[in-house]
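Data first, discussion second: the structure below is written as C-alpha cells.
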Amino acid sequence: MSHDGVGPRALTRALAFLTAGALAVPLLAGCGSDDKPSKPLAGQDIGSAARNLVADGGTLRWAVDAVPQTLNTFQADADAGTTRVAQAVLPTMFRLDANGRPQLDPAYLETARIVETEPKQVVVYRLNQQAVWSDGREIGAADFAAQWRALSGKDTAYWTARNAGYDRIEKVERGAGDLEVKVTFSRPYADWRSLFSPLYPKDVTGTPDTFNDGARTKLTVTAGPFTVQRIDTKNKDVVLARNPRWWGRPAKLSGIVLHAVPRDQRVSALAAGTVDVADVDPGDAAGIATAARARGGSPLPGPVGGRTAVQALHEVRLRKSLEPAYTQLALNGADGPLADERVRHAVARALDRGQLAGLVLKPLGLPAVPVGSHLALAGQDAYADNSDALGGQDTAQARALLADAGWVPGPVKKEKKGEKAAGATGRPAGERSQGGDDGTYIVGRNDNVEDHKAGDPADRNRDGDHKDREAPARDRQGPLESEDGHAGEGGGARQLAQDGRQYAQEHLKRGGAPGAYAPRGTAVPRGTAAPASPAPGPLAKNGKPLTLRFVLPSGPGSGTLRKVADRISAMLDKVGIGTEITKVPDESYFKDHIAAGQYDLALYSWPASAFPATDARPIYAKPVPAADGSLNVQQNYTRVGTDQVDQLFDQAVATLDEDEMRALVRRADARIWAAAGSIPLYQRPQLVAVRGNLANIGAFGFRTPVYEDMGFLKKGAVPKAGPPAKN
C-alpha cells in the first residue's frame with residue numbers, strides 16, 4: 001500500500017508504512033508571519049488530463065493489499081482499503097492539496113469557519129445545499145451530532161480506535177437553518193479541520209450495534225461519486241459503482257474494483273491484464289520501466305495472450321513521486337546501551353543521512369534529500385529542518401560520546417551460558433533513573449509486552465496485517481517551563497535547531513537525557529575526548545561488547561530496507577558500534593518486535609500528518625502509568641519521551657493562532673531531535689504502475705485522489721505528467 005494522499009486522520013499511522021513494500025528537505029527559515037512556505041520535493045505524477053479527454057464508462061481494476069476487514073475507518077482494524085473506499089463514497093469536509101494542507105471540499109461545504117473564540121470556540125459549517133445521502137436524505141446536523149457522540153469516548157459501547165478532537169466537543173446542533181451545523185468546543189482545538197472527515201450517516205453512527213458491526217461489510221447509505229455495490233470475499237474484490245444521486249461532476253468511470261493482489265504478484269497481474277493500477281516496489285519498478293522502453297524481448301513471467309510479458313508491460317507506465325511518509329531509524333531507549341542518550345547521539349552522529357537517502361531515491365530519479373522533521377514534510381506548513389538540534393555526521397564526535405559513556409576499546413569477556421549481551425537487559429516496571437529534571441520516562445523491556453497489551457488501545461486492537469491506530473490523545477494541563485530562543489520571535493528554524501542542540505548538550509553533560517538510564521561504572525571521566533584515529537577494535541564496557549540488535553523484516557517487499565540497514569551497519573562499525581542483524585517474518589515484525597520493544601535498532605515509517613499537534617503526539621508522548629498499574633507507551637515505540645515535548649504538543653493543539661501553533665510544533669520537533677529516539681532518514685518513494693490509457697490516477701503525493709475525474713482516455717488523447725489539468 002502507499003499513502004496516495006490518504007489523510008492520516010483517516011488512516012492513523014497505518015502499519016503498511018512500516019516497511020518498504022509489503023509492510024510498511026530544504027531549510028525553512030522563520031516561524032512567524034514572514035514564513036516562506038516550502039515546496040514538496042516531488043510533485044504529483046498522475047497522467048493528468050482534462051475531463052473532456054476522458055471517456056465515459058469503463059471499470060478500473062485497482063490492486064490493493066487486502067479486502068478491508070471493515071468499512072468503518074474509525075475502527076482499529078481499518079486499513080488502506082478502508083480509507084480508499086471511504087474517499088470514494090463518503091463526505092469529507094476538508095481534502096488535502098498537493099502541499100498536504102487541508103482545503104475545504106466545495107462538494108460538501110460552502111464555508112466552515114470559527115465564529116467565536118470566547119467564552120468558547122464555536123465553528124459553523126454551511127453545507128452545500130445539493131449534498132444528499134444516497135437514500136435522498138439531506139446531509140445535516142443529525143449526522144454530525146451522531147458521529148460526535150460515537151467518537152467522543154463517553155460511551156464505551158462504541159468500539160472506536162480514537163477520539164482525538166471529538167472529546168473536546170461540548171455540543172453539536174443545528175445552526176441558523178437546515179444547511180448550518182454549529183459545533184461548540186469545551187476546550188480550544190486547533191485541528192478542528194480534521195473532524196468529520198469522513199462523515200458517516202447517522203444510520204451508521206447512531207447506535208453502537210450499527211457502528212460496531214453494521215458498517216463492517218456494507219455501507220447501504222453513502223454520499224460520494226461512487227457507492228459500495230458489494231464485497232466479494234471469495235474473489236477478493238470490493239466493487240464500487242457510480243452513484244446516480246451524486247450532485248457533483250459525474251464520475252467518468254462506471255465502476256471501480258479494488259482487487260487484493262500480493263506485492264510479489266503484481267507485475268504478473270499487470271502483464272496479464274487482471275489489474276490496471278498497482279503500487280509496486282523499487283525492484284519491480286525497474287523492470288516495468290525497462291519493459292515500457294522495450295518493443296519486444298524475452299518473456300518475463302511468461303506469454304500473455306500471445307504476447308511476451310515485456311510486450312504486455314509496454315502498455316504500462318510507471319508513475320513516481322514521494323509518499324507523504326518518511327522512513328526512520330528507531331532507537332529503543334528502554335534499556336541497554338541505547339538507554340544512555342550519549343550512545344543514541346553517537347549512533348546519530350555516525351550516520352550520513354544524505355548518503356542513505358541517495359541509496360534509496362537516486363536510482364529512481366527522485367530527489368534524495370534527507371528529512372529534516374519528525375512532524376512534517378517539505379511542502380507542509382509545519383515543516384522546518386530542525387536536524388541541526390542533533391547535528392550531522394561526525395565520526396570523531398560519535399567516538400567521543402561513546403568514550404564519555406564508558407564504551408572504550410578493551411578486552412571482551414567470553415559470555416557465560418545464559419548471560420545477556422549488552423542491549424538485552426531489562427528493568428523493573430516504572431523504575432526511574434537518577435538525575436535530570438524534565439521527566440524523561442523510559443519503560444523497562446520486561447514490561448513492554450504487557451504494556452502493549454494493557455496500555456494503548458491501538459496496540460490492543462492491532463490485527464494480523466498490523467494496522468496501527470491512534471490511541472486517544474491525552475490533554476494535560478500546566479505551564480510550559482521557560483525556554484530561551486522562542487521560535488516565531490525572529491529565531492526561525494536555525495534558532496530552533498540551536499535551542500535543541502543547546503538542550504541536548506546541556507543534558508549530555510549531565511550524563512544523558514534527564515531521567516534516562518545511563519549505565520554506571522563509566523570507565524572514562526566525562527568530558528574525555530575519544531581518539532581521532534580509527535577505533536582499533538570493538539568497543540566494550542565491563543567486558544561486554546557494544547553490539548546492537550538490528551531487527552528487519554524478511555518479506556519480499558523489504559529489500560530496500562535491508563540495503564539501508566547494511567549501509568547503516570557499515571557506518572556504525574566505523575565508530576566501533578557492532579550490529580547484529582536479525583530478519584524476522586513480516587507478520588511478526590511489528591507486533592512481536594517493534595511494539596513489544598524487542599529490538600535495539602529498527603527501520604519503519606510514519607505517514608506525515610496535516611494535523612501534527614494531534615496525530616504525532618501519541619508517537620512521541622512520554623510513557624505514563626495506566627489505570628491498571630502497567631505503563632502506556634501509546635505509539636512511542638522507542639520508549640523515549642519528555643514532559644517538555646508533551647507540553648509543547650498540548651499547547652499547540654490548544655492555540656487557535658496558526659502561526660503560534662506552527663512555532664510550537666517546530667519547537668517540539670527540535671526537542672524530539674535532541675532526544676535522539678528516532679532519526680528521520682528519507683521520504684518514501686511512491687511508485688505506481690498504471691495502464692497507459694488511464695488518466696488522473698497514479699502517484700498522488702500529498703493530494704487526496706479525485707475519484708470522479710479518473711478514467712480511460714478517449715482514442716488519441718495523451719495524458720501529461722504533473723498536477724491535474726484544468727478543465
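By order of appearance in the C-alpha cells: chains A, B, ..., then residues from 1 within every chain, and ligands from 1 in the order shown.
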- Message: as number ranges by chain, please: the residues near range 114-126 of chain A (cut-off 7 Å, only C-alpha atoms, same-chain neighbours under 3 positions excluded).
- Response: A: 109-111, 179-186, 188
Could you dump the residues just selected with C-alpha atoms as an mmCIF file, in the first residue's frame?
data_model
loop_
_atom_site.group_PDB
_atom_site.id
_atom_site.type_symbol
_atom_site.label_atom_id
_atom_site.label_comp_id
_atom_site.auth_asym_id
_atom_site.auth_seq_id
_atom_site.Cartn_x
_atom_site.Cartn_y
_atom_site.Cartn_z
ATOM 1 C CA LEU A 109 -19.271 22.684 2.211
ATOM 2 C CA GLU A 110 -19.856 26.252 1.204
ATOM 3 C CA THR A 111 -17.996 27.594 4.224
ATOM 4 C CA LEU A 179 -27.819 23.880 5.951
ATOM 5 C CA GLU A 180 -25.867 25.024 9.012
ATOM 6 C CA VAL A 181 -24.167 22.912 11.677
ATOM 7 C CA LYS A 182 -22.918 24.604 14.837
ATOM 8 C CA VAL A 183 -20.160 22.887 16.822
ATOM 9 C CA THR A 184 -19.210 24.230 20.263
ATOM 10 C CA PHE A 185 -15.956 23.065 21.872
ATOM 11 C CA SER A 186 -15.412 22.655 25.595
ATOM 12 C CA PRO A 188 -9.937 25.106 22.195
#
Near range 544-567 of chain A, 12 Å: range 318-340 of chain A residue rows, closest pairs, only C-alpha atoms, as JSON lines:
{"residue": "A:Thr327", "atom": "CA", "partner": "A:Leu561", "partner_atom": "CA", "distance": 9.2}
{"residue": "A:Gln328", "atom": "CA", "partner": "A:Leu561", "partner_atom": "CA", "distance": 10.4}
{"residue": "A:Leu329", "atom": "CA", "partner": "A:Ala565", "partner_atom": "CA", "distance": 9.1}
{"residue": "A:Ala330", "atom": "CA", "partner": "A:Phe550", "partner_atom": "CA", "distance": 9.8}
{"residue": "A:Leu331", "atom": "CA", "partner": "A:Phe550", "partner_atom": "CA", "distance": 9.6}
{"residue": "A:Asn332", "atom": "CA", "partner": "A:Arg549", "partner_atom": "CA", "distance": 10.0}
{"residue": "A:Gly333", "atom": "CA", "partner": "A:Leu548", "partner_atom": "CA", "distance": 11.7}
{"residue": "A:Asp335", "atom": "CA", "partner": "A:Leu548", "partner_atom": "CA", "distance": 11.5}
{"residue": "A:Gly336", "atom": "CA", "partner": "A:Leu548", "partner_atom": "CA", "distance": 9.0}
{"residue": "A:Pro337", "atom": "CA", "partner": "A:Leu546", "partner_atom": "CA", "distance": 7.5}
{"residue": "A:Leu338", "atom": "CA", "partner": "A:Leu548", "partner_atom": "CA", "distance": 8.6}
{"residue": "A:Ala339", "atom": "CA", "partner": "A:Leu548", "partner_atom": "CA", "distance": 11.9}
Residues from last step as file, all heavy atoms, as a CSV table (one decimal), in the first residue's frame:
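Output file result-v7.csv follows:
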chain,number,residue,atom,x,y,z
A,327,THR,N,10.8,7.3,6.2
A,327,THR,CA,11.4,6.1,6.9
A,327,THR,C,12.4,6.7,7.9
A,327,THR,O,13.2,7.6,7.7
A,327,THR,CB,12.1,5.2,5.9
A,327,THR,OG1,11.2,4.7,5.0
A,327,THR,CG2,12.8,4.1,6.6
A,328,GLN,N,12.4,6.1,9.1
A,328,GLN,CA,13.2,6.5,10.2
A,328,GLN,C,14.0,5.3,10.7
A,328,GLN,O,13.6,4.1,10.5
A,328,GLN,CB,12.4,7.0,11.3
A,328,GLN,CG,11.5,6.0,11.9
A,328,GLN,CD,10.8,6.4,13.3
A,328,GLN,OE1,11.1,7.5,13.8
A,328,GLN,NE2,10.1,5.5,13.8
A,329,LEU,N,15.1,5.6,11.4
A,329,LEU,CA,15.8,4.6,12.2
A,329,LEU,C,15.4,4.8,13.6
A,329,LEU,O,15.5,5.9,14.2
A,329,LEU,CB,17.3,4.8,12.1
A,329,LEU,CG,18.2,3.9,13.0
A,329,LEU,CD1,18.0,2.4,12.6
A,329,LEU,CD2,19.6,4.3,13.1
A,330,ALA,N,14.7,3.8,14.2
A,330,ALA,CA,14.2,3.9,15.6
A,330,ALA,C,15.3,3.3,16.5
A,330,ALA,O,15.9,2.2,16.3
A,330,ALA,CB,12.9,3.1,15.7
A,331,LEU,N,15.5,4.0,17.6
A,331,LEU,CA,16.5,3.6,18.6
A,331,LEU,C,15.7,3.3,19.9
A,331,LEU,O,15.2,4.2,20.5
A,331,LEU,CB,17.6,4.7,18.9
A,331,LEU,CG,18.6,4.9,17.8
A,331,LEU,CD1,17.9,5.7,16.6
A,331,LEU,CD2,19.7,5.7,18.3
A,332,ASN,N,15.7,2.1,20.3
A,332,ASN,CA,14.9,1.7,21.5
A,332,ASN,C,15.7,2.1,22.8
A,332,ASN,O,16.7,1.5,23.1
A,332,ASN,CB,14.7,0.2,21.5
A,332,ASN,CG,13.8,-0.3,22.6
A,332,ASN,OD1,13.4,0.5,23.5
A,332,ASN,ND2,13.5,-1.6,22.7
A,333,GLY,N,15.1,3.1,23.5
A,333,GLY,CA,15.8,3.6,24.7
A,333,GLY,C,15.3,3.0,26.0
A,333,GLY,O,15.5,3.5,27.0
A,335,ASP,N,16.3,0.1,27.5
A,335,ASP,CA,17.3,-0.3,28.4
A,335,ASP,C,18.6,-0.6,27.5
A,335,ASP,O,18.6,-0.4,26.3
A,335,ASP,CB,16.9,-1.6,29.2
A,335,ASP,CG,16.4,-2.7,28.3
A,335,ASP,OD1,16.8,-2.8,27.1
A,335,ASP,OD2,15.6,-3.5,28.8
A,336,GLY,N,19.6,-1.1,28.2
A,336,GLY,CA,20.8,-1.4,27.4
A,336,GLY,C,21.5,-0.2,27.0
A,336,GLY,O,21.3,0.9,27.5
A,337,PRO,N,22.5,-0.3,26.1
A,337,PRO,CA,23.3,0.9,25.7
A,337,PRO,C,22.5,2.1,25.2
A,337,PRO,O,22.9,3.2,25.5
A,337,PRO,CB,24.2,0.3,24.6
A,337,PRO,CG,24.3,-1.2,24.8
A,337,PRO,CD,22.9,-1.5,25.4
A,338,LEU,N,21.4,1.9,24.5
A,338,LEU,CA,20.7,3.0,23.9
A,338,LEU,C,19.8,3.7,25.0
A,338,LEU,O,19.2,4.7,24.6
A,338,LEU,CB,19.8,2.5,22.8
A,338,LEU,CG,20.6,2.1,21.5
A,338,LEU,CD1,19.6,1.6,20.4
A,338,LEU,CD2,21.5,3.2,21.0
A,339,ALA,N,19.7,3.2,26.2
A,339,ALA,CA,19.1,4.0,27.2
A,339,ALA,C,19.9,5.2,27.6
A,339,ALA,O,19.4,6.1,28.2
A,339,ALA,CB,18.9,3.1,28.5
- Item | Shell around Thr160 in chain A at 7 Å using only C-alpha atoms, local window under 3 positions removed, as JSON, numbers by chain | {"A": [74, 75, 76, 151]}
Keeping N, CA, C and O atoms, export the residues of the selection given above as an mmCIF file, in the first residue's frame.
data_model
loop_
_atom_site.group_PDB
_atom_site.id
_atom_site.type_symbol
_atom_site.label_atom_id
_atom_site.label_comp_id
_atom_site.auth_asym_id
_atom_site.auth_seq_id
_atom_site.Cartn_x
_atom_site.Cartn_y
_atom_site.Cartn_z
ATOM 1 N N PHE A 74 -13.024 4.363 11.546
ATOM 2 C CA PHE A 74 -12.752 4.680 12.942
ATOM 3 C C PHE A 74 -12.581 3.435 13.806
ATOM 4 O O PHE A 74 -12.486 3.540 15.031
ATOM 5 N N GLN A 75 -12.525 2.272 13.187
ATOM 6 C CA GLN A 75 -12.287 1.045 13.935
ATOM 7 C C GLN A 75 -10.827 0.636 13.838
ATOM 8 O O GLN A 75 -10.115 1.009 12.902
ATOM 9 N N ALA A 76 -10.382 -0.157 14.809
ATOM 10 C CA ALA A 76 -8.962 -0.466 14.944
ATOM 11 C C ALA A 76 -8.412 -1.277 13.783
ATOM 12 O O ALA A 76 -7.229 -1.183 13.471
ATOM 13 N N LEU A 151 -17.869 9.046 18.708
ATOM 14 C CA LEU A 151 -16.414 9.141 18.795
ATOM 15 C C LEU A 151 -15.921 9.964 19.976
ATOM 16 O O LEU A 151 -14.707 10.128 20.143
#
- Pick from A:Asp276, A:Glu580, A:Asp77, A:Asp143 nearest to Gly206 in chain A, counting only C-alpha atoms: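 When distances to Gly206 in chain A are compared using only C-alpha atoms, the smallest one comes from A:Asp143.
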Report the closest atom pair, with its distance in Å rounded to one decimal, for each residue of range 41-153 of chain A that has an atom no farther than 6 Å from range 690-709 of chain A; count only C-alpha atoms, sort by chain and then rising residue number, and write it as JSON lines.
{"residue": "A:Gln44", "atom": "CA", "partner": "A:Phe700", "partner_atom": "CA", "distance": 5.1}
{"residue": "A:Asp45", "atom": "CA", "partner": "A:Ala699", "partner_atom": "CA", "distance": 5.1}
{"residue": "A:Ile46", "atom": "CA", "partner": "A:Gly698", "partner_atom": "CA", "distance": 4.2}
{"residue": "A:Gly47", "atom": "CA", "partner": "A:Ala695", "partner_atom": "CA", "distance": 5.0}
{"residue": "A:Ser48", "atom": "CA", "partner": "A:Asn696", "partner_atom": "CA", "distance": 4.5}
{"residue": "A:Ala49", "atom": "CA", "partner": "A:Ala695", "partner_atom": "CA", "distance": 5.9}
{"residue": "A:Leu96", "atom": "CA", "partner": "A:Arg703", "partner_atom": "CA", "distance": 5.2}
{"residue": "A:Asp97", "atom": "CA", "partner": "A:Arg703", "partner_atom": "CA", "distance": 4.7}
{"residue": "A:Ala98", "atom": "CA", "partner": "A:Arg703", "partner_atom": "CA", "distance": 4.6}
{"residue": "A:Gly100", "atom": "CA", "partner": "A:Phe702", "partner_atom": "CA", "distance": 4.8}
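For the choices A:Leu60, A:Leu366, A:Arg162, A:Ser134, the atom-to-atom distance to Val275 in chain A is smallest for A:Leu60 when using only C-alpha atoms.
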- Considering only C-alpha atoms, return as a PyMOL selection string whatever protein or nucleic-acid residues lie within 8 Å of Gln147 in chain A, sequence-local ones (same chain, fewer than 2 positions apart) excluded. chain A and resi 143-145+149-151+196+199-200+202+205-206
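From CA of Ala405 in chain A back to CA of Asp340 in chain A, the distance works out to 7.6 Å.
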- Message: So that I can see what lies close to Pro282 in chain A, please list as a ChimeraX atom specification the residues with an atom at most 10 Å from it, counting only C-alpha atoms and leaving out residues fewer than 3 positions away in the same chain.
- Response: /A:20-21,279,285-288,360-361,363-364,557-560,685-687
- Find the residue from A:Ala382, A:Leu648, A:Ala223, A:Leu313 that sits nearest to Trp247 in chain A; use only C-alpha atoms when measuring.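 For Trp247 in chain A, the nearest of the candidates is A:Ala223.
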Shell of 9 Å around Val645 in chain A, only C-alpha atoms, local chain residues under 5 positions omitted, as a CSV table (one decimal) with C-alpha atoms, in the first residue's frame:
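Contents of around39.csv, freshly written:
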chain,number,residue,atom,x,y,z
A,617,ARG,CA,1.6,13.3,20.0
A,620,TYR,CA,6.4,11.0,21.0
A,621,ALA,CA,4.5,11.2,24.3
A,622,LYS,CA,6.3,10.2,27.5
A,650,ASP,CA,-0.6,20.3,24.4
A,667,ARG,CA,9.9,23.7,18.9
A,668,ALA,CA,8.6,20.2,19.8
A,669,ASP,CA,10.4,18.8,16.8
A,671,ARG,CA,13.4,18.7,21.2
A,672,ILE,CA,12.5,15.4,19.7
- Query: Running DSSP on the backbone, which parts of range 167-321 of chain A land in alpha helix (DSSP H), as a PyMOL selection string?
  - Reply: chain A and resi 202-205+208-209+266-272+282-293+309-313
Go ahead and write the selection's residues with N, CA, C and O atoms as a compact mmCIF listing (two decimals), in the first residue's frame.
# COMPACT_ATOMS: atom_id res chain seq x y z
N LYS A 202 -25.97 9.02 9.98
CA LYS A 202 -26.43 8.65 11.32
C LYS A 202 -26.90 7.20 11.36
O LYS A 202 -26.94 6.60 12.45
N ASP A 203 -27.21 6.63 10.18
CA ASP A 203 -27.57 5.22 10.11
C ASP A 203 -26.44 4.32 10.62
O ASP A 203 -26.68 3.23 11.13
N VAL A 204 -25.19 4.79 10.47
CA VAL A 204 -24.02 4.02 10.92
C VAL A 204 -23.64 4.39 12.34
O VAL A 204 -23.37 3.51 13.17
N THR A 205 -23.59 5.69 12.65
CA THR A 205 -23.05 6.14 13.94
C THR A 205 -24.10 6.28 15.02
O THR A 205 -23.76 6.54 16.19
N PRO A 208 -24.49 1.84 18.90
CA PRO A 208 -23.28 1.01 18.96
C PRO A 208 -23.33 -0.20 18.03
O PRO A 208 -22.32 -0.55 17.41
N ASP A 209 -24.49 -0.83 17.88
CA ASP A 209 -24.58 -2.01 17.02
C ASP A 209 -24.29 -1.67 15.57
O ASP A 209 -23.54 -2.40 14.90
N ARG A 266 2.18 -8.62 -8.41
CA ARG A 266 1.56 -7.51 -9.11
C ARG A 266 2.08 -7.30 -10.52
O ARG A 266 1.33 -6.91 -11.42
N VAL A 267 3.35 -7.53 -10.73
CA VAL A 267 3.87 -7.39 -12.09
C VAL A 267 3.20 -8.40 -13.01
O VAL A 267 2.80 -8.08 -14.14
N SER A 268 3.05 -9.62 -12.53
CA SER A 268 2.37 -10.64 -13.33
C SER A 268 0.91 -10.26 -13.59
O SER A 268 0.39 -10.46 -14.69
N ALA A 269 0.25 -9.69 -12.58
CA ALA A 269 -1.15 -9.28 -12.75
C ALA A 269 -1.27 -8.15 -13.76
O ALA A 269 -2.20 -8.13 -14.59
N LEU A 270 -0.32 -7.22 -13.74
CA LEU A 270 -0.34 -6.14 -14.72
C LEU A 270 -0.10 -6.68 -16.13
O LEU A 270 -0.77 -6.29 -17.09
N ALA A 271 0.85 -7.61 -16.22
CA ALA A 271 1.15 -8.19 -17.53
C ALA A 271 -0.02 -9.00 -18.06
O ALA A 271 -0.31 -8.99 -19.27
N ALA A 272 -0.72 -9.68 -17.16
CA ALA A 272 -1.86 -10.50 -17.57
C ALA A 272 -3.11 -9.67 -17.83
O ALA A 272 -4.10 -10.17 -18.36
N PRO A 282 10.45 -0.87 -5.51
CA PRO A 282 11.52 -0.41 -6.38
C PRO A 282 12.08 -1.48 -7.31
O PRO A 282 12.38 -1.19 -8.48
N GLY A 283 12.23 -2.72 -6.82
CA GLY A 283 12.75 -3.77 -7.70
C GLY A 283 11.86 -4.03 -8.88
O GLY A 283 12.32 -4.20 -10.02
N ASP A 284 10.54 -4.06 -8.67
CA ASP A 284 9.60 -4.26 -9.76
C ASP A 284 9.52 -3.04 -10.66
O ASP A 284 9.30 -3.16 -11.88
N ALA A 285 9.68 -1.87 -10.07
CA ALA A 285 9.60 -0.64 -10.86
C ALA A 285 10.65 -0.60 -11.95
O ALA A 285 10.39 -0.15 -13.07
N ALA A 286 11.84 -1.08 -11.63
CA ALA A 286 12.91 -1.09 -12.63
C ALA A 286 12.53 -1.95 -13.83
O ALA A 286 12.75 -1.59 -14.98
N GLY A 287 11.93 -3.12 -13.55
CA GLY A 287 11.52 -4.00 -14.64
C GLY A 287 10.42 -3.39 -15.48
O GLY A 287 10.41 -3.52 -16.71
N ILE A 288 9.47 -2.72 -14.84
CA ILE A 288 8.38 -2.08 -15.57
C ILE A 288 8.90 -0.96 -16.45
O ILE A 288 8.49 -0.80 -17.60
N ALA A 289 9.83 -0.17 -15.91
CA ALA A 289 10.40 0.91 -16.70
C ALA A 289 11.15 0.38 -17.90
O ALA A 289 11.08 0.93 -19.01
N THR A 290 11.89 -0.72 -17.71
CA THR A 290 12.61 -1.32 -18.83
C THR A 290 11.64 -1.84 -19.88
O THR A 290 11.83 -1.62 -21.09
N ALA A 291 10.58 -2.51 -19.42
CA ALA A 291 9.59 -3.04 -20.36
C ALA A 291 8.89 -1.95 -21.12
O ALA A 291 8.57 -2.09 -22.31
N ALA A 292 8.65 -0.82 -20.46
CA ALA A 292 7.96 0.28 -21.12
C ALA A 292 8.79 0.87 -22.25
O ALA A 292 8.25 1.40 -23.22
N ARG A 293 10.13 0.75 -22.12
CA ARG A 293 11.01 1.28 -23.17
C ARG A 293 11.22 0.28 -24.29
O ARG A 293 11.68 0.63 -25.37
N ALA A 309 5.54 -11.03 -21.82
CA ALA A 309 5.23 -10.13 -20.72
C ALA A 309 5.84 -8.76 -20.95
O ALA A 309 5.26 -7.74 -20.57
N VAL A 310 7.02 -8.72 -21.57
CA VAL A 310 7.64 -7.43 -21.87
C VAL A 310 6.74 -6.62 -22.78
O VAL A 310 6.52 -5.42 -22.58
N GLN A 311 6.19 -7.27 -23.80
CA GLN A 311 5.29 -6.57 -24.70
C GLN A 311 4.03 -6.11 -23.98
O GLN A 311 3.52 -5.02 -24.21
N ALA A 312 3.50 -6.95 -23.09
CA ALA A 312 2.31 -6.58 -22.34
C ALA A 312 2.59 -5.40 -21.41
O ALA A 312 1.77 -4.48 -21.30
N LEU A 313 3.74 -5.43 -20.77
CA LEU A 313 4.08 -4.35 -19.85
C LEU A 313 4.46 -3.07 -20.59
O LEU A 313 4.55 -2.00 -19.97
- Note on the structure: If you count only C-alpha atoms, the residue of A:Pro623, A:Gly140, A:Gly255, A:Pro106 closest to Arg230 in chain A turns out to be A:Gly255
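Shortest atom-to-atom contact with Ala654 in chain A among A:Ala190, A:Val412, A:Ala63, A:Leu603: A:Ala190, counting only C-alpha atoms.
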- Query: With only C-alpha atoms as the atoms that count, which of A:Arg662, A:Leu253, A:Ala157, A:Arg319 lies nearest to Arg61 in chain A?
  - Reply: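 The answer is A:Leu253, which sits nearest to Arg61 in chain A.
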